[in-house]
$ cat target.txt   # compact mmCIF, C-alpha atoms
# COMPACT_ATOMS: atom_id res chain seq x y z
CA MET A 1 9.83 37.69 8.76
CA GLU A 2 7.86 38.48 11.91
CA THR A 3 6.24 41.47 10.18
CA LYS A 4 4.98 39.27 7.33
CA LYS A 5 3.48 36.85 9.81
CA GLU A 6 1.66 39.61 11.66
CA LEU A 7 0.39 41.14 8.41
CA LYS A 8 -0.94 37.75 7.35
CA ILE A 9 -2.82 37.43 10.63
CA LEU A 10 -4.19 40.95 10.20
CA PHE A 11 -5.28 40.15 6.64
CA TRP A 12 -7.36 37.15 7.71
CA ILE A 13 -8.85 39.07 10.64
CA ILE A 14 -9.99 41.76 8.20
CA ILE A 15 -11.40 39.18 5.76
CA VAL A 16 -13.41 37.44 8.49
CA PHE A 17 -14.61 40.78 9.89
CA LEU A 18 -15.76 42.02 6.47
CA GLY A 19 -17.48 38.70 5.79
CA VAL A 20 -19.44 38.93 9.04
CA PHE A 21 -20.07 42.68 8.69
CA PHE A 22 -21.58 42.38 5.22
CA MET A 23 -23.27 39.02 5.77
CA PRO A 24 -26.59 39.21 3.83
CA ILE A 25 -28.72 37.53 6.48
CA GLU A 26 -31.85 39.30 5.17
CA ASN A 27 -31.39 37.67 1.75
CA GLU A 28 -33.69 34.67 1.31
CA THR A 29 -31.26 32.76 -0.93
CA PHE A 30 -28.46 33.17 1.60
CA ARG A 31 -30.65 31.98 4.47
CA THR A 32 -31.83 28.99 2.46
CA ALA A 33 -28.21 28.15 1.63
CA ILE A 34 -27.33 28.26 5.34
CA ASP A 35 -30.24 25.91 6.06
CA ALA A 36 -28.98 23.59 3.31
CA THR A 37 -25.46 23.66 4.75
CA LEU A 38 -26.66 22.78 8.25
CA ASP A 39 -29.06 20.12 6.95
CA LEU A 40 -26.41 18.41 4.81
CA SER A 41 -23.84 18.60 7.63
CA LYS A 42 -26.26 17.10 10.15
CA TRP A 43 -27.37 14.35 7.78
CA TYR A 44 -23.75 13.59 6.86
CA ALA A 45 -22.80 13.28 10.52
CA GLN A 46 -25.80 11.12 11.42
CA LYS A 47 -26.02 8.82 8.41
CA HIS A 48 -22.58 8.72 6.87
CA VAL A 49 -19.75 9.12 9.37
CA ILE A 50 -20.68 6.25 11.68
CA LEU A 51 -21.89 3.72 9.10
CA CYS A 52 -19.49 4.53 6.25
CA LEU A 53 -16.36 6.38 7.27
CA LEU A 54 -15.48 4.73 10.58
CA PRO A 55 -15.56 1.17 9.14
CA ALA A 56 -13.65 2.47 6.08
CA PHE A 57 -10.89 3.89 8.30
CA LEU A 58 -10.53 0.51 10.04
CA ILE A 59 -10.35 -1.22 6.64
CA ALA A 60 -7.71 1.25 5.47
CA GLY A 61 -5.74 0.47 8.62
CA VAL A 62 -5.88 -3.24 7.81
CA ILE A 63 -4.47 -2.57 4.32
CA SER A 64 -1.77 -0.35 5.76
CA VAL A 65 -0.61 -2.72 8.52
CA PHE A 66 -1.78 -6.31 7.97
CA ILE A 67 -1.35 -6.51 4.18
CA SER A 68 2.33 -6.46 3.30
CA GLN A 69 3.65 -3.80 0.99
CA GLY A 70 5.01 -6.58 -1.20
CA ALA A 71 1.49 -7.97 -1.69
CA VAL A 72 0.11 -4.56 -2.70
CA ILE A 73 2.99 -4.06 -5.12
CA LYS A 74 2.53 -7.58 -6.51
CA TYR A 75 -1.07 -6.95 -7.58
CA PHE A 76 -1.25 -3.15 -7.94
CA GLY A 77 2.37 -2.01 -8.29
CA ALA A 78 3.98 -0.41 -11.32
CA ASN A 79 5.46 -3.79 -12.35
CA ALA A 80 2.29 -5.82 -11.82
CA LYS A 81 0.52 -7.48 -14.73
CA LYS A 82 -1.58 -4.68 -16.17
CA TRP A 83 -4.58 -6.81 -17.10
CA LEU A 84 -4.74 -8.26 -13.59
CA SER A 85 -4.24 -5.02 -11.66
CA TYR A 86 -6.79 -3.09 -13.74
CA LEU A 87 -9.27 -5.97 -13.65
CA ILE A 88 -9.15 -6.17 -9.84
CA ALA A 89 -9.28 -2.39 -9.46
CA SER A 90 -12.10 -1.81 -11.94
CA LEU A 91 -14.35 -4.57 -10.58
CA SER A 92 -13.81 -3.64 -6.94
CA GLY A 93 -16.79 -1.31 -7.13
CA THR A 94 -19.15 -4.24 -7.65
CA ILE A 95 -18.30 -5.31 -4.08
CA LEU A 96 -17.95 -1.94 -2.37
CA ALA A 97 -21.25 -0.03 -2.21
CA VAL A 98 -19.49 3.15 -1.16
CA CYS A 99 -19.63 6.85 -1.99
CA SER A 100 -16.93 9.21 -3.21
CA CYS A 101 -15.83 9.92 0.38
CA THR A 102 -15.84 6.41 1.83
CA ILE A 103 -13.48 5.16 -0.90
CA LEU A 104 -10.84 7.73 0.09
CA PRO A 105 -9.24 5.95 3.07
CA LEU A 106 -8.98 2.76 1.01
CA PHE A 107 -7.49 4.57 -1.99
CA SER A 108 -5.06 6.48 0.21
CA SER A 109 -3.94 3.26 1.87
CA ILE A 110 -3.16 1.25 -1.29
CA TYR A 111 -1.58 4.27 -3.00
CA LYS A 112 0.78 4.91 -0.09
CA ARG A 113 1.64 1.19 0.05
CA GLY A 114 3.04 1.34 -3.49
CA ALA A 115 0.13 0.79 -5.86
CA GLY A 116 0.72 2.13 -9.36
CA LEU A 117 -1.06 5.37 -10.23
CA GLY A 118 -3.18 3.77 -12.95
CA PRO A 119 -4.63 0.87 -10.89
CA ALA A 120 -5.04 3.15 -7.86
CA ILE A 121 -7.03 5.65 -9.92
CA ALA A 122 -9.10 2.85 -11.45
CA PHE A 123 -9.92 1.71 -7.90
CA LEU A 124 -10.69 5.29 -6.82
CA TYR A 125 -13.17 5.78 -9.65
CA SER A 126 -14.77 2.34 -9.67
CA GLY A 127 -15.46 2.13 -5.93
CA PRO A 128 -18.36 4.61 -5.94
CA ALA A 129 -19.29 4.23 -9.63
CA ILE A 130 -19.86 0.52 -10.31
CA SER A 131 -21.83 -0.65 -7.31
CA ILE A 132 -24.16 -3.47 -8.40
CA LEU A 133 -26.89 -1.91 -6.25
CA SER A 134 -26.58 1.46 -8.00
CA ILE A 135 -26.65 -0.14 -11.45
CA ILE A 136 -29.77 -2.17 -10.60
CA LEU A 137 -31.49 0.86 -9.08
CA THR A 138 -30.64 2.93 -12.17
CA ALA A 139 -32.13 0.31 -14.49
CA ARG A 140 -35.28 -0.07 -12.40
CA ILE A 141 -36.02 3.62 -11.91
CA LEU A 142 -34.45 5.36 -14.92
CA GLY A 143 -34.89 2.56 -17.42
CA PHE A 144 -32.96 -0.48 -18.64
CA GLU A 145 -31.21 1.54 -21.34
CA MET A 146 -29.82 4.03 -18.80
CA GLY A 147 -28.74 1.21 -16.47
CA VAL A 148 -26.79 -0.58 -19.23
CA ALA A 149 -25.22 2.69 -20.40
CA ARG A 150 -24.13 3.54 -16.87
CA PHE A 151 -22.62 0.10 -16.29
CA ILE A 152 -20.67 0.09 -19.57
CA GLY A 153 -19.55 3.68 -19.05
CA ALA A 154 -18.46 3.22 -15.44
CA VAL A 155 -16.50 -0.02 -16.01
CA SER A 156 -14.75 1.29 -19.11
CA PHE A 157 -14.10 4.69 -17.50
CA SER A 158 -12.25 3.16 -14.57
CA VAL A 159 -9.77 1.44 -16.89
CA ILE A 160 -9.50 4.28 -19.43
CA ILE A 161 -8.98 6.96 -16.78
CA GLY A 162 -6.38 4.83 -15.03
CA LEU A 163 -4.50 4.21 -18.29
CA ILE A 164 -4.60 7.90 -19.24
CA MET A 165 -3.28 8.95 -15.82
CA ALA A 166 -0.52 6.33 -15.99
CA PHE A 167 0.45 7.55 -19.47
CA ILE A 168 0.51 11.24 -18.53
CA TYR A 169 2.71 10.55 -15.50
CA ARG A 170 4.65 7.69 -17.12
CA LYS A 171 8.03 9.11 -16.07
CA GLU A 172 7.05 8.96 -12.40
CA GLU A 173 5.58 5.50 -12.89
CA LYS A 174 8.78 4.32 -14.59
CA ALA A 175 10.83 5.56 -11.65
CA LYS A 176 8.44 3.82 -9.24
CA ALA A 177 8.71 0.60 -11.25
CA GLU A 178 12.51 0.69 -10.99
CA GLU A 179 12.31 1.22 -7.24
CA GLN A 180 9.95 -1.73 -6.86
CA MET A 181 11.91 -4.05 -9.14
CA ASN A 182 13.82 -5.71 -6.32
CA PHE A 183 11.42 -4.98 -3.49
CA PRO A 184 11.53 -7.86 -0.99
CA ASN A 185 8.32 -9.71 -0.24
CA VAL A 186 8.35 -9.57 3.56
CA GLU A 187 6.54 -12.45 5.18
CA THR A 188 3.71 -11.59 7.58
CA GLU A 189 2.84 -13.39 10.81
CA ARG A 190 -0.63 -14.25 9.55
CA SER A 191 -1.51 -16.44 6.60
CA LEU A 192 -3.29 -15.01 3.57
CA TRP A 193 -6.63 -16.56 4.49
CA GLN A 194 -6.48 -15.11 8.00
CA THR A 195 -5.81 -11.58 6.75
CA ALA A 196 -8.48 -12.03 4.06
CA LEU A 197 -11.06 -13.15 6.65
CA HIS A 198 -10.39 -10.14 8.86
CA PHE A 199 -10.38 -7.75 5.90
CA PHE A 200 -13.54 -9.02 4.17
CA THR A 201 -15.43 -9.22 7.46
CA LEU A 202 -14.94 -5.48 7.89
CA VAL A 203 -15.87 -4.94 4.22
CA ALA A 204 -19.07 -6.98 4.72
CA ILE A 205 -20.01 -4.89 7.77
CA LEU A 206 -19.48 -1.73 5.71
CA VAL A 207 -21.52 -3.02 2.75
CA PHE A 208 -24.52 -4.42 4.63
CA ALA A 209 -24.72 -1.55 7.16
CA ASN A 210 -25.21 0.77 4.17
CA TRP A 211 -27.52 -1.50 2.17
CA GLY A 212 -30.05 0.82 0.52
CA SER A 213 -33.82 0.63 0.69
CA PRO A 214 -35.43 -1.06 -2.33
CA SER A 215 -37.24 1.15 -4.82
CA THR A 216 -40.41 -0.95 -4.62
CA ASN A 217 -42.31 -2.80 -1.91
CA ASP A 218 -41.79 -6.16 -3.60
CA THR A 219 -41.22 -8.29 -0.51
CA SER A 220 -40.23 -11.29 -2.63
CA SER A 221 -37.08 -9.66 -4.02
CA LEU A 222 -33.66 -10.56 -2.67
CA TRP A 223 -32.81 -6.85 -2.34
CA TYR A 224 -35.82 -6.27 -0.06
CA TYR A 225 -35.04 -9.40 1.97
CA ILE A 226 -31.46 -8.32 2.61
CA PHE A 227 -32.59 -4.78 3.47
CA ALA A 228 -35.19 -6.08 5.92
CA TYR A 229 -32.61 -8.19 7.77
CA LYS A 230 -29.48 -6.15 7.15
CA TRP A 231 -28.79 -5.45 10.82
CA GLN A 232 -29.09 -9.12 11.69
CA ILE A 233 -26.59 -9.80 8.88
CA VAL A 234 -24.29 -7.07 10.25
CA GLY A 235 -24.60 -8.71 13.68
CA VAL A 236 -23.46 -12.07 12.26
CA PHE A 237 -20.42 -10.46 10.69
CA GLY A 238 -19.81 -8.66 13.97
CA LEU A 239 -19.53 -12.07 15.66
CA ILE A 240 -17.13 -13.21 12.92
CA LEU A 241 -15.08 -10.07 13.59
CA ALA A 242 -14.97 -11.00 17.29
CA TYR A 243 -13.73 -14.48 16.30
CA SER A 244 -11.07 -12.89 14.10
CA MET A 245 -9.91 -10.59 16.88
CA ILE A 246 -9.54 -13.52 19.28
CA TYR A 247 -8.07 -16.27 17.11
CA ILE A 248 -6.33 -14.32 14.33
CA LEU A 249 -5.20 -11.11 16.03
CA LYS A 250 -4.70 -12.95 19.36
CA LEU A 251 -6.38 -10.20 21.37
CA ASN A 252 -7.52 -10.79 24.95
CA ILE A 253 -10.46 -13.18 24.77
CA TRP A 254 -12.30 -11.78 27.81
CA LYS A 255 -12.06 -8.20 26.56
CA VAL A 256 -13.44 -9.21 23.17
CA VAL A 257 -16.24 -11.34 24.66
CA THR A 258 -17.21 -8.57 27.10
CA ALA A 259 -17.23 -5.93 24.34
CA THR A 260 -19.31 -8.21 22.10
CA ALA A 261 -21.84 -8.81 24.86
CA ILE A 262 -22.13 -5.07 25.57
CA THR A 263 -22.65 -4.32 21.88
CA LEU A 264 -25.37 -6.97 21.55
CA LEU A 265 -27.01 -5.77 24.76
CA SER A 266 -27.09 -2.19 23.46
CA ALA A 267 -28.92 -3.42 20.35
CA LEU A 268 -31.60 -5.03 22.53
CA ILE A 269 -31.95 -2.02 24.81
CA PHE A 270 -31.80 0.95 22.44
CA HIS A 271 -33.07 -0.57 19.17
CA ASN A 272 -30.84 1.96 17.42
CA PRO A 273 -28.17 0.50 15.14
CA LEU A 274 -26.14 3.72 15.21
CA ILE A 275 -25.62 3.40 18.97
CA SER A 276 -24.59 -0.24 18.61
CA MET A 277 -22.19 0.63 15.76
CA VAL A 278 -20.55 3.35 17.87
CA ILE A 279 -20.18 1.01 20.84
CA GLY A 280 -18.82 -1.77 18.64
CA ILE A 281 -16.28 0.43 16.85
CA ALA A 282 -15.23 2.09 20.12
CA SER A 283 -14.71 -1.38 21.60
CA VAL A 284 -12.54 -2.49 18.67
CA VAL A 285 -10.42 0.66 19.01
CA THR A 286 -10.05 0.34 22.78
CA ILE A 287 -9.13 -3.35 22.70
CA GLY A 288 -6.63 -2.82 19.89
CA LEU A 289 -4.91 0.07 21.64
CA SER A 290 -4.77 -1.74 24.98
CA ASP A 291 -3.14 -4.86 23.51
CA LYS A 292 -0.13 -5.79 25.68
CA SER A 293 1.22 -8.60 23.53
CA GLU A 294 4.60 -8.53 21.84
CA ASN A 295 2.91 -8.13 18.45
CA ASP A 296 2.73 -4.42 17.68
CA ASP A 297 0.49 -4.89 14.63
CA ASN A 298 -2.74 -4.65 16.61
CA ARG A 299 -1.89 -1.25 18.05
CA GLU A 300 -0.47 -0.13 14.71
CA TRP A 301 -3.76 -1.09 13.03
CA ILE A 302 -5.71 1.33 15.22
CA LEU A 303 -3.05 4.03 15.10
CA SER A 304 -2.90 3.77 11.30
CA SER A 305 -6.70 4.08 11.13
CA TRP A 306 -6.44 7.15 13.36
CA GLY A 307 -3.83 8.60 11.01
CA PHE A 308 -6.23 8.31 8.07
CA THR A 309 -9.00 9.82 10.20
CA LYS A 310 -6.90 12.89 11.07
CA GLN A 311 -5.89 13.38 7.47
CA ILE A 312 -9.26 12.91 5.82
CA MET A 313 -12.04 13.97 8.24
CA PRO A 314 -11.23 17.72 8.46
CA LEU A 315 -11.07 18.03 4.67
CA LEU A 316 -14.34 16.13 4.27
CA ALA A 317 -16.01 18.41 6.81
CA ILE A 318 -14.85 21.53 4.96
CA GLY A 319 -15.96 20.06 1.64
CA VAL A 320 -19.42 19.11 2.92
CA VAL A 321 -19.99 22.62 4.29
CA ILE A 322 -18.92 24.30 1.03
CA ALA A 323 -20.90 21.86 -1.13
CA GLY A 324 -24.02 22.34 0.99
CA PHE A 325 -23.77 26.14 0.82
CA LEU A 326 -23.17 26.30 -2.93
CA LEU A 327 -25.19 23.38 -4.31
CA GLY A 328 -27.69 22.65 -1.54
CA SER A 329 -28.71 19.55 0.35
CA THR A 330 -30.41 16.73 -1.53
CA HIS A 331 -30.89 13.41 0.25
CA ASP A 332 -33.68 11.00 0.99
CA ASN A 333 -36.83 13.09 0.39
CA THR A 334 -35.17 16.39 1.31
CA SER A 335 -34.22 19.05 -1.23
CA ILE A 336 -32.94 22.44 -0.07
CA ALA A 337 -31.32 24.75 -2.60
CA GLY A 338 -27.95 26.36 -2.03
CA VAL A 339 -26.64 29.60 -3.50
CA VAL A 340 -26.96 28.01 -6.95
CA PRO A 341 -30.72 27.34 -7.36
CA ASN A 342 -31.74 23.86 -8.49
CA ALA A 343 -33.96 25.45 -11.17
CA TRP A 344 -30.89 26.96 -12.80
CA ILE A 345 -29.22 23.57 -13.01
CA ALA A 346 -32.35 21.92 -14.43
CA THR A 347 -32.61 24.65 -17.09
CA LEU A 348 -28.95 24.47 -18.07
CA VAL A 349 -28.94 20.70 -18.55
CA GLY A 350 -31.94 20.48 -20.87
CA GLY A 351 -31.47 19.11 -24.38
CA ASN A 352 -28.30 17.38 -25.55
CA SER A 353 -25.77 20.07 -26.39
CA ILE A 354 -22.08 19.96 -25.52
CA LEU A 355 -22.70 22.73 -22.99
CA SER A 356 -25.58 20.93 -21.25
CA ASN A 357 -23.57 17.71 -20.96
CA PHE A 358 -20.52 19.60 -19.72
CA ILE A 359 -22.55 21.47 -17.09
CA ALA A 360 -24.12 18.21 -15.90
CA SER A 361 -20.68 16.61 -15.60
CA PHE A 362 -19.10 19.66 -13.96
CA VAL A 363 -21.87 20.27 -11.43
CA GLY A 364 -22.12 16.54 -10.68
CA ALA A 365 -18.38 16.43 -10.04
CA PHE A 366 -18.66 19.02 -7.28
CA MET A 367 -21.95 17.86 -5.71
CA TYR A 368 -21.93 15.28 -2.94
CA PHE A 369 -23.99 12.13 -3.56
CA ALA A 370 -24.39 9.57 -0.82
CA THR A 371 -24.56 5.94 -1.92
CA LEU A 372 -27.56 5.37 -4.25
CA THR A 373 -29.00 8.89 -3.78
CA GLU A 374 -27.87 10.00 -7.24
CA VAL A 375 -30.67 7.97 -8.88
CA PRO A 376 -33.70 9.74 -7.32
CA ILE A 377 -31.89 13.08 -7.78
CA VAL A 378 -31.47 12.43 -11.51
CA GLN A 379 -35.07 11.19 -11.65
CA GLY A 380 -36.22 14.55 -10.30
CA LEU A 381 -34.01 16.46 -12.74
CA LEU A 382 -35.34 14.40 -15.67
CA ALA A 383 -38.87 15.31 -14.59
CA SER A 384 -37.78 18.98 -14.63
CA GLY A 385 -36.59 18.79 -18.22
CA MET A 386 -33.08 17.35 -18.04
CA GLY A 387 -31.96 15.56 -21.21
CA LYS A 388 -31.04 11.86 -21.08
CA GLY A 389 -27.50 12.60 -22.27
CA PRO A 390 -26.76 15.05 -19.42
CA ALA A 391 -28.44 12.59 -17.04
CA LEU A 392 -25.92 9.90 -17.95
CA ALA A 393 -23.08 12.45 -17.77
CA LEU A 394 -24.10 13.32 -14.22
CA LEU A 395 -24.38 9.63 -13.26
CA LEU A 396 -20.85 8.97 -14.54
CA ALA A 397 -19.21 12.02 -12.95
CA GLY A 398 -21.28 12.63 -9.82
CA PRO A 399 -20.95 9.49 -7.65
CA SER A 400 -17.18 9.16 -8.21
CA LEU A 401 -16.35 12.79 -7.45
CA SER A 402 -17.34 15.51 -4.99
CA LEU A 403 -15.78 18.62 -3.55
CA PRO A 404 -14.85 16.81 -0.28
CA ASN A 405 -13.40 13.99 -2.38
CA MET A 406 -11.21 16.41 -4.38
CA LEU A 407 -9.81 18.08 -1.27
CA VAL A 408 -8.65 14.75 0.14
CA ILE A 409 -7.25 13.47 -3.17
CA LYS A 410 -5.23 16.67 -3.45
CA GLY A 411 -3.63 15.89 -0.09
CA VAL A 412 -2.79 12.33 -1.19
CA MET A 413 -1.39 12.75 -4.68
CA GLY A 414 -0.96 16.50 -5.19
CA THR A 415 -2.76 19.34 -6.95
CA LYS A 416 -1.65 18.58 -10.53
CA LYS A 417 -2.71 14.93 -10.49
CA THR A 418 -6.02 15.84 -8.84
CA ILE A 419 -6.84 18.48 -11.46
CA THR A 420 -5.86 16.06 -14.22
CA TYR A 421 -8.02 13.27 -12.77
CA VAL A 422 -11.07 15.51 -12.30
CA SER A 423 -10.68 16.98 -15.80
CA ILE A 424 -10.51 13.54 -17.42
CA VAL A 425 -13.64 12.38 -15.58
CA VAL A 426 -15.57 15.51 -16.60
CA ILE A 427 -14.44 15.35 -20.24
CA LEU A 428 -15.19 11.64 -20.67
CA SER A 429 -18.57 12.04 -18.94
CA THR A 430 -19.43 14.94 -21.27
CA ILE A 431 -18.51 12.94 -24.37
CA SER A 432 -20.41 9.84 -23.20
CA GLY A 433 -23.50 11.88 -22.36
CA LEU A 434 -23.40 13.57 -25.76
CA ILE A 435 -23.15 10.22 -27.59
CA PHE A 436 -25.88 8.62 -25.46
CA GLY A 437 -28.16 11.59 -26.05
CA TYR A 438 -28.04 11.01 -29.81
CA LEU A 439 -28.80 7.28 -29.61

$ encode --input "target.txt" --output "structure tokens"
Amino acid sequence: METKKELKILFWIIIVFLGVFFMPIENETFRTAIDATLDLSKWYAQKHVILCLLPAFLIAGVISVFISQGAVIKYFGANAKKWLSYLIASLSGTILAVCSCTILPLFSSIYKRGAGLGPAIAFLYSGPAISILSIILTARILGFEMGVARFIGAVSFSVIIGLIMAFIYRKEEKAKAEEQMNFPNVETERSLWQTALHFFTLVAILVFANWGSPSTNDTSSLWYYIFAYKWQIVGVFGLILAYSMIYILKLNIWKVVTATAITLLSALIFHNPLISMVIGIASVVTIGLSDKSENDDNREWILSSWGFTKQIMPLLAIGVVIAGFLLGSTHDNTSIAGVVPNAWIATLVGGNSILSNFIASFVGAFMYFATLTEVPIVQGLLASGMGKGPALALLLAGPSLSLPNMLVIKGVMGTKKTITYVSIVVILSTISGLIFGYL
């Protein structure tokens, strides 16, 4: 047994050594791919972790601790009314303007609390795919026809994929339904409206902190107005969160007031919302952990959020690095090719063949798209000769999936279910793109 362990260590030492020894640093493609990896990793850390993931982890903690398992089972469980559970799950994306990574803590939380596989998958897909902002941006930049097709495809996909997954694994779902049949509905210390206020305040902070820039300079539009004042809006919800922490969670009033004052002061001094977000989140974590009351929920909230962080962050980091190296870094106005040149992708997705739609779906499934960035990327690919069918296929598969996303899903529900889920998304996206291309 000891010999096998030592041989395994020796094997990996040799692999790493050979990789470094034969590293093609003189190759231009390799060096560009390294630049893309570092660029995507830096951008992800600066623009995504603080504004998206950290609030999402806190929200996942709320679901895990403050929302009773009975409530999750009631609306999302295997015995819940199918029309209600799928309706709530599929339309959740209209509220959450999140990417394929930010949805993961929320999906993991409801799935582990007893949600049925079908509704949980519908929620997982719809979160990044049906954002109202993304649909509007698609219609404005890529055309009304593409916007409508994306909306219809994304909403229907969330339900269809969930139903297919539930059917394939119906034996497991039946066993889960039997287990949940007599599950007691444990009463919580807080009323429903109190938990809802705390939960949706965090959701509002997540949504408005990531509100995307409008595609035009039309200062009269509501989108532009919200974007222009989004940090003031986030500040208002920050004050509501402070109220919730004092009067709903019963945390120490002076600690919360002091932390709120420091956060507001940092905004006035640094004029950098990232710094204020870090200070605010760090304050919430510190106050929650230092709670000395008899109620353990406050500490459990933070500890549960930390549990999701430990589980998800390392896998996301690995996925971002691999995605950047293979497929490049495309965000904002930056485009750096990875090992797979962008020109190859543009060439392969021209026309409206089954192959071109499949490649668009497959490549989109592995690429990482931040919230709303898929639209300008597709716009650039269309200008390079991409067909409208493959464009829709990429829009349906890309935002809801990514390599980091797959790695985390695998850890939550296993390899087989992950492969099945990804395959269904790619196949349905291919078929939809093919049909749309002929219209």

$ residues_near_point --input "target.txt" --point "(-9.8, 13.5, -1.1)" --cutoff "8 Å" --atoms "all atoms listed in the file" --output "list in words"
Cys101, Leu104, Ile312, Leu315, Leu316, Pro404, Asn405, Met406, Leu407, Val408, Ile409, Lys410, Gly411 and Val412 of chain A

$ closest_residue --input "target.txt" --among "A:Pro390, A:Gly288, A:Gly212, A:Pro119" --to "Ile88 of chain A" --atoms "all atoms listed in the file"
A:Pro119

$ residues_around --input "target.txt" --residues "Ala129 of chain A" --least-positions-apart "2" --cutoff "6 Å" --atoms "only C-alpha atoms" --output "NGL selection string"
:A and (126-127 or 131 or 154 or 399-400)

$ residues_around --input "target.txt" --residues "Gly116 of chain A" --least-positions-apart "3" --cutoff "10 Å" --atoms "all atoms listed in the file" --output "list in words"
Val72, Ile73, Tyr75, Phe76, Gly77, Ala78, Asn79, Ala80, Lys82, Ser85, Ile110, Tyr111, Lys112, Arg113, Pro119, Ala120, Ile121, Gly162, Ala166, Glu172, Glu173, Lys174, Lys176 and Ala177 of chain A

$ residues_around --input "target.txt" --residues "segment 236-252 of chain A" --least-positions-apart "2" --cutoff "7 Å" --atoms "all atoms listed in the file" --output "CSV table (one decimal) with C-alpha atoms, keeping the file's coordinate frame"
chain,number,residue,atom,x,y,z
A,194,GLN,CA,-6.5,-15.1,8.0
A,198,HIS,CA,-10.4,-10.1,8.9
A,201,THR,CA,-15.4,-9.2,7.5
A,205,ILE,CA,-20.0,-4.9,7.8
A,232,GLN,CA,-29.1,-9.1,11.7
A,233,ILE,CA,-26.6,-9.8,8.9
A,234,VAL,CA,-24.3,-7.1,10.2
A,254,TRP,CA,-12.3,-11.8,27.8
A,255,LYS,CA,-12.1,-8.2,26.6
A,256,VAL,CA,-13.4,-9.2,23.2
A,291,ASP,CA,-3.1,-4.9,23.5
A,298,ASN,CA,-2.7,-4.6,16.6

$ residues_around --input "target.txt" --residues "Ser213 of chain A" --least-positions-apart "3" --cutoff "9 Å" --atoms "all atoms listed in the file" --output "number ranges by chain"
A: 216, 223-224, 227-228
